[in-house]
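Undergrad: Please read through the structure below; I'll follow up with questions.
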Amino acid sequence: MCGIVGYIGQRDAAPILLEGLRRLEYRGYDSAGVAIQTGRGIVTRKLAGRVQALAEHVARLPLHGAAGIAHTRWATHGAPTQRNAHPHGDCHGRISLVHNGIVENADALRAALEGEGHRFYTDTDTETLAHLIEAAPGETLEARVIAALEHVEGTYGLAVLDAHEPEKIVVARRGSPVLLGIGEDEYFVASDASAIMEHTRSVVYLDDGDIAVLTREEYHIIDRDSHIQLRAVDDVAWDLEAIELGDHAHFMLKEIWEQPETVRSTLRGRLVFDDGTARLNGLNLTPEACADIQRIVIVACGTSWHSGLVGRHLIEELAQIPVTVEYASEYRYRRQLELPGTLALAISQSGETADTLEAMRAARAPGSRVLGIVNVVGSTIAREADGGIYLHAGPEIGVASTKAFTSQIIALALLGLHLGRQRGLSAEVGREFVCRLAQLPSLVARTLALEPEIMALAPSFAEAGNALYLGRGVNFPVALEGALKLKEISYIHAEGYPEAEMKHGPIALIDTEMPVVFVAPKDEVYQKVVSNMQEVKTRGGRIVAITTEGNGDLGALAEHQLRIPATAPLLSPVLSVIPLQLLAYHIAILRGCDVDRPRNLAKSVTVE
């Protein structure tokens, strides 16, 4: 959600920090600010609104200095105002800090600090951290940060300046991601590698409990007892072009059109044609461990939860293992039973989703083995899991996930195939499924050719107040995902339902103003779906059908038919979701919405 950038080195910090904030705009935010160590102490500029407005403000009142921190805020405590924007300071202007996360005991800390004479200027939980550091004992900034954090309950990614130690930045992490960028005679801080990719590909991912001390000459990492901690320097694999718009109008559209390649990247090197299986060395599962699995629980949020619902069908069909799919935010607070043979699978594009991370930890507590399916190398879920699958889909900038969803389905299909072949799935069936997987990149490209039809269709639905998305079996999650996309970026109320459940309530909503989208590829329940269409048509509903090429004419029932290529029914969600992504995008454009930064949403939800 919130974004952090920091710099210390030989160059002027302000342009570097502002450009870093621009790189983080996709994460969602409502205010922005920057603090620079100048010759007259720490000087801060901040405002409610966009980074461009902050840059113009700094251009009018320039800041010069070689060390600084910056932040984009997504409001939790306190309204999105200039006063509540980060960075925040202490009573005397000595401390300045930026913070991602939530201080859960902020009210109690504020009361105690005010009792000691501290004056608060904002409504935020973050300001308590600045006053705690101000009051903490210690000879150095890092010592005071360590002492202050002993009183904090909650999560944080922090970057702190001290006017009395002008050539130093102190960074701390617990539960909210933060990394270091390693340059030549300069160092960077960021909550996301995209903020600093222009300057370095060498990054150090901090673990929970780490305190990093950065100066112009060096950096080191310590724990709460000031013991040096060794952390690997990793290279970010993707390049700067991956986070540039190129010729596309929006990142969401760019990422929809990248899906032939991202699906290919998720498959690359993992298909074993002769044996009809998938090569997934990162799972760290022996054949004996695969055989011992008695149940799988998938924990995820939002779009990743929808991919988990598709994955349930894939894994149960291919591997004959019962699967439950849980909202991570609910699962983490349920009593976890000690059930031998349970494998937990955490799905998160960013690998930092707070609820999913905590649900994964909750699943591990009774002894379950945990795997992660994530897109971001070095993310917290990736580092804490016992094994897993990287999507290799490249950075996803648009807040509404598209390419990560299809890559997650591919990863789950590979997992189901791998487990199935370990547990008795025949080589013949495996080889057929491998061939079907290998065809998907070209089939996705063919599906994208529907965009002109979808653009022509979008105006007739752009003024709708409500929409209903219906699917059955493995395509019910696609209906959920299509409805979510429309809600997220066009602000039209939409609901996804199993088609047969329509009669148990939603049918009361159907009238001549209600668009109803049927996800209806050719499969074993297709005729049942046609019957459901008849029921909607009888009540005046306006039907859009996502169906399969060569599947017969639905013109008597549907106002619009969008035909996707045929594939194995289990893999049809990879194709059937693409028209729904494009439909949501073009409706949102017609409604004048900011598709890459929809209101109130953030790309990576790192707080509960």
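How things are named: the first chain in the structure tokens is A, the next is B, and so on; residues count from 1 in each chain; ligands count from 1 in the order shown.
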Report the residues of region 327-476 of chain A whose backbone DSSP state falls under alpha helix (DSSP H), written as a PyMOL selection string.

TA: chain A and resi 328-331+354-364+380-384+403-422+427-448+451-457+476

Undergrad: Excluding region 38-41 of chain A and any residue of its chain fewer than 4 positions from it, enumerate the residues within 9 Å of it, using only C-alpha atoms, and give them as a list in words.

TA: Leu63, His64, Gly65, Ala66, Ala67, Gly68, Gly93, Arg94, Asp162, Ala163, His164 and Pro166 of chain A

Undergrad: Just checking: using only C-alpha atoms, which residue out of A:Met252, A:Leu132, A:Ala48, A:Ala195 ends up closest to Leu17 (chain A)?

TA: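 Going through A:Met252, A:Leu132, A:Ala48, A:Ala195 one by one, the smallest distance to Leu17 (chain A) is for A:Ala195.
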
Undergrad: Counting only C-alpha atoms, what are the residues of region 406-484 of chain A within 9 Å of region 380-399 of chain A, and for each of them which pair of atoms is the nearest and at what distance in Å, to one decimal? Sort the table by chain and rising number, as JSON lines.

TA:
```
{"residue": "A:Ser407", "atom": "CA", "partner": "A:Leu391", "partner_atom": "CA", "distance": 6.0}
{"residue": "A:Gln408", "atom": "CA", "partner": "A:Leu391", "partner_atom": "CA", "distance": 6.7}
{"residue": "A:Ile410", "atom": "CA", "partner": "A:Leu391", "partner_atom": "CA", "distance": 8.5}
{"residue": "A:Ala411", "atom": "CA", "partner": "A:Leu391", "partner_atom": "CA", "distance": 6.8}
{"residue": "A:Leu412", "atom": "CA", "partner": "A:Ile389", "partner_atom": "CA", "distance": 8.9}
{"residue": "A:Leu415", "atom": "CA", "partner": "A:Ile389", "partner_atom": "CA", "distance": 8.6}
```

Undergrad: Using N, CA and C atoms, can you export the residues from the last selection as a compact mmCIF listing (two decimals), in the first residue's frame?

TA:
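File produced: part-v9.txt:
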```txt
# COMPACT_ATOMS: atom_id res chain seq x y z
N SER A 407 -1.43 -16.52 -14.62
CA SER A 407 -0.21 -17.25 -14.26
C SER A 407 -0.41 -18.08 -13.00
N GLN A 408 -1.21 -17.59 -12.06
CA GLN A 408 -1.51 -18.40 -10.87
C GLN A 408 -2.25 -19.67 -11.24
N ILE A 410 -2.01 -21.23 -14.08
CA ILE A 410 -1.01 -22.10 -14.71
C ILE A 410 -0.16 -22.79 -13.64
N ALA A 411 0.28 -22.04 -12.63
CA ALA A 411 1.08 -22.63 -11.56
C ALA A 411 0.31 -23.72 -10.82
N LEU A 412 -0.96 -23.49 -10.57
CA LEU A 412 -1.77 -24.49 -9.89
C LEU A 412 -2.00 -25.71 -10.78
N LEU A 415 1.14 -27.68 -10.52
CA LEU A 415 1.19 -28.36 -9.23
C LEU A 415 0.28 -29.58 -9.24
```

Undergrad: Considering only C-alpha atoms, can you say which of A:Val43, A:Asp210, A:Tyr331, A:Val517 comes closest to Ile228 (chain A)?

TA: A:Asp210

Undergrad: Within 7 Å of Ile146 (chain A), counting only C-alpha atoms, which residues show up once you throw out same-chain ones fewer than 4 positions away? Write them as a PyMOL selection string, please.

TA: chain A and resi 142+150+224

Undergrad: With a cut-off of 12 Å, could you pull out the residues of region 136-174 of chain A touching region 200-207 of chain A and give me the nearest pair of atoms for each, distance in Å to one decimal, using only C-alpha atoms, ordered by chain and ascending number, as CSV?

TA:
```
residue,atom,partner,partner_atom,distance
A:Tyr156,CA,A:Asp207,CA,11.8
A:Gly157,CA,A:Leu206,CA,9.7
A:Leu158,CA,A:Leu206,CA,11.4
A:Val171,CA,A:Leu206,CA,9.3
A:Ala172,CA,A:Leu206,CA,8.2
A:Arg173,CA,A:Asp207,CA,6.8
A:Arg174,CA,A:Asp207,CA,7.5
```

Undergrad: Quick one: write out the picked residues with N, CA, C and O atoms as an mmCIF file, in the first residue's frame?

TA:
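Below you can see again.cif, which holds the result:
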```cif
data_model
loop_
_atom_site.group_PDB
_atom_site.id
_atom_site.type_symbol
_atom_site.label_atom_id
_atom_site.label_comp_id
_atom_site.auth_asym_id
_atom_site.auth_seq_id
_atom_site.Cartn_x
_atom_site.Cartn_y
_atom_site.Cartn_z
ATOM 1 N N TYR A 156 5.592 -2.647 10.921
ATOM 2 C CA TYR A 156 6.264 -1.456 10.418
ATOM 3 C C TYR A 156 7.341 -1.799 9.404
ATOM 4 O O TYR A 156 8.001 -2.831 9.477
ATOM 5 N N GLY A 157 7.467 -0.925 8.431
ATOM 6 C CA GLY A 157 8.657 -0.741 7.635
ATOM 7 C C GLY A 157 9.017 0.715 7.827
ATOM 8 O O GLY A 157 8.193 1.595 7.559
ATOM 9 N N LEU A 158 10.200 0.996 8.317
ATOM 10 C CA LEU A 158 10.578 2.350 8.745
ATOM 11 C C LEU A 158 11.841 2.811 8.045
ATOM 12 O O LEU A 158 12.760 2.019 7.797
ATOM 13 N N VAL A 171 16.890 1.992 9.092
ATOM 14 C CA VAL A 171 15.738 1.292 8.523
ATOM 15 C C VAL A 171 15.382 0.133 9.446
ATOM 16 O O VAL A 171 16.278 -0.525 9.995
ATOM 17 N N ALA A 172 14.102 -0.124 9.625
ATOM 18 C CA ALA A 172 13.667 -1.254 10.451
ATOM 19 C C ALA A 172 12.472 -1.918 9.796
ATOM 20 O O ALA A 172 11.676 -1.275 9.115
ATOM 21 N N ARG A 173 12.345 -3.211 10.059
ATOM 22 C CA ARG A 173 11.242 -3.967 9.456
ATOM 23 C C ARG A 173 10.634 -4.941 10.457
ATOM 24 O O ARG A 173 11.342 -5.663 11.151
ATOM 25 N N ARG A 174 9.306 -4.958 10.502
ATOM 26 C CA ARG A 174 8.548 -6.040 11.113
ATOM 27 C C ARG A 174 7.178 -6.102 10.446
ATOM 28 O O ARG A 174 6.331 -5.240 10.647
#
```
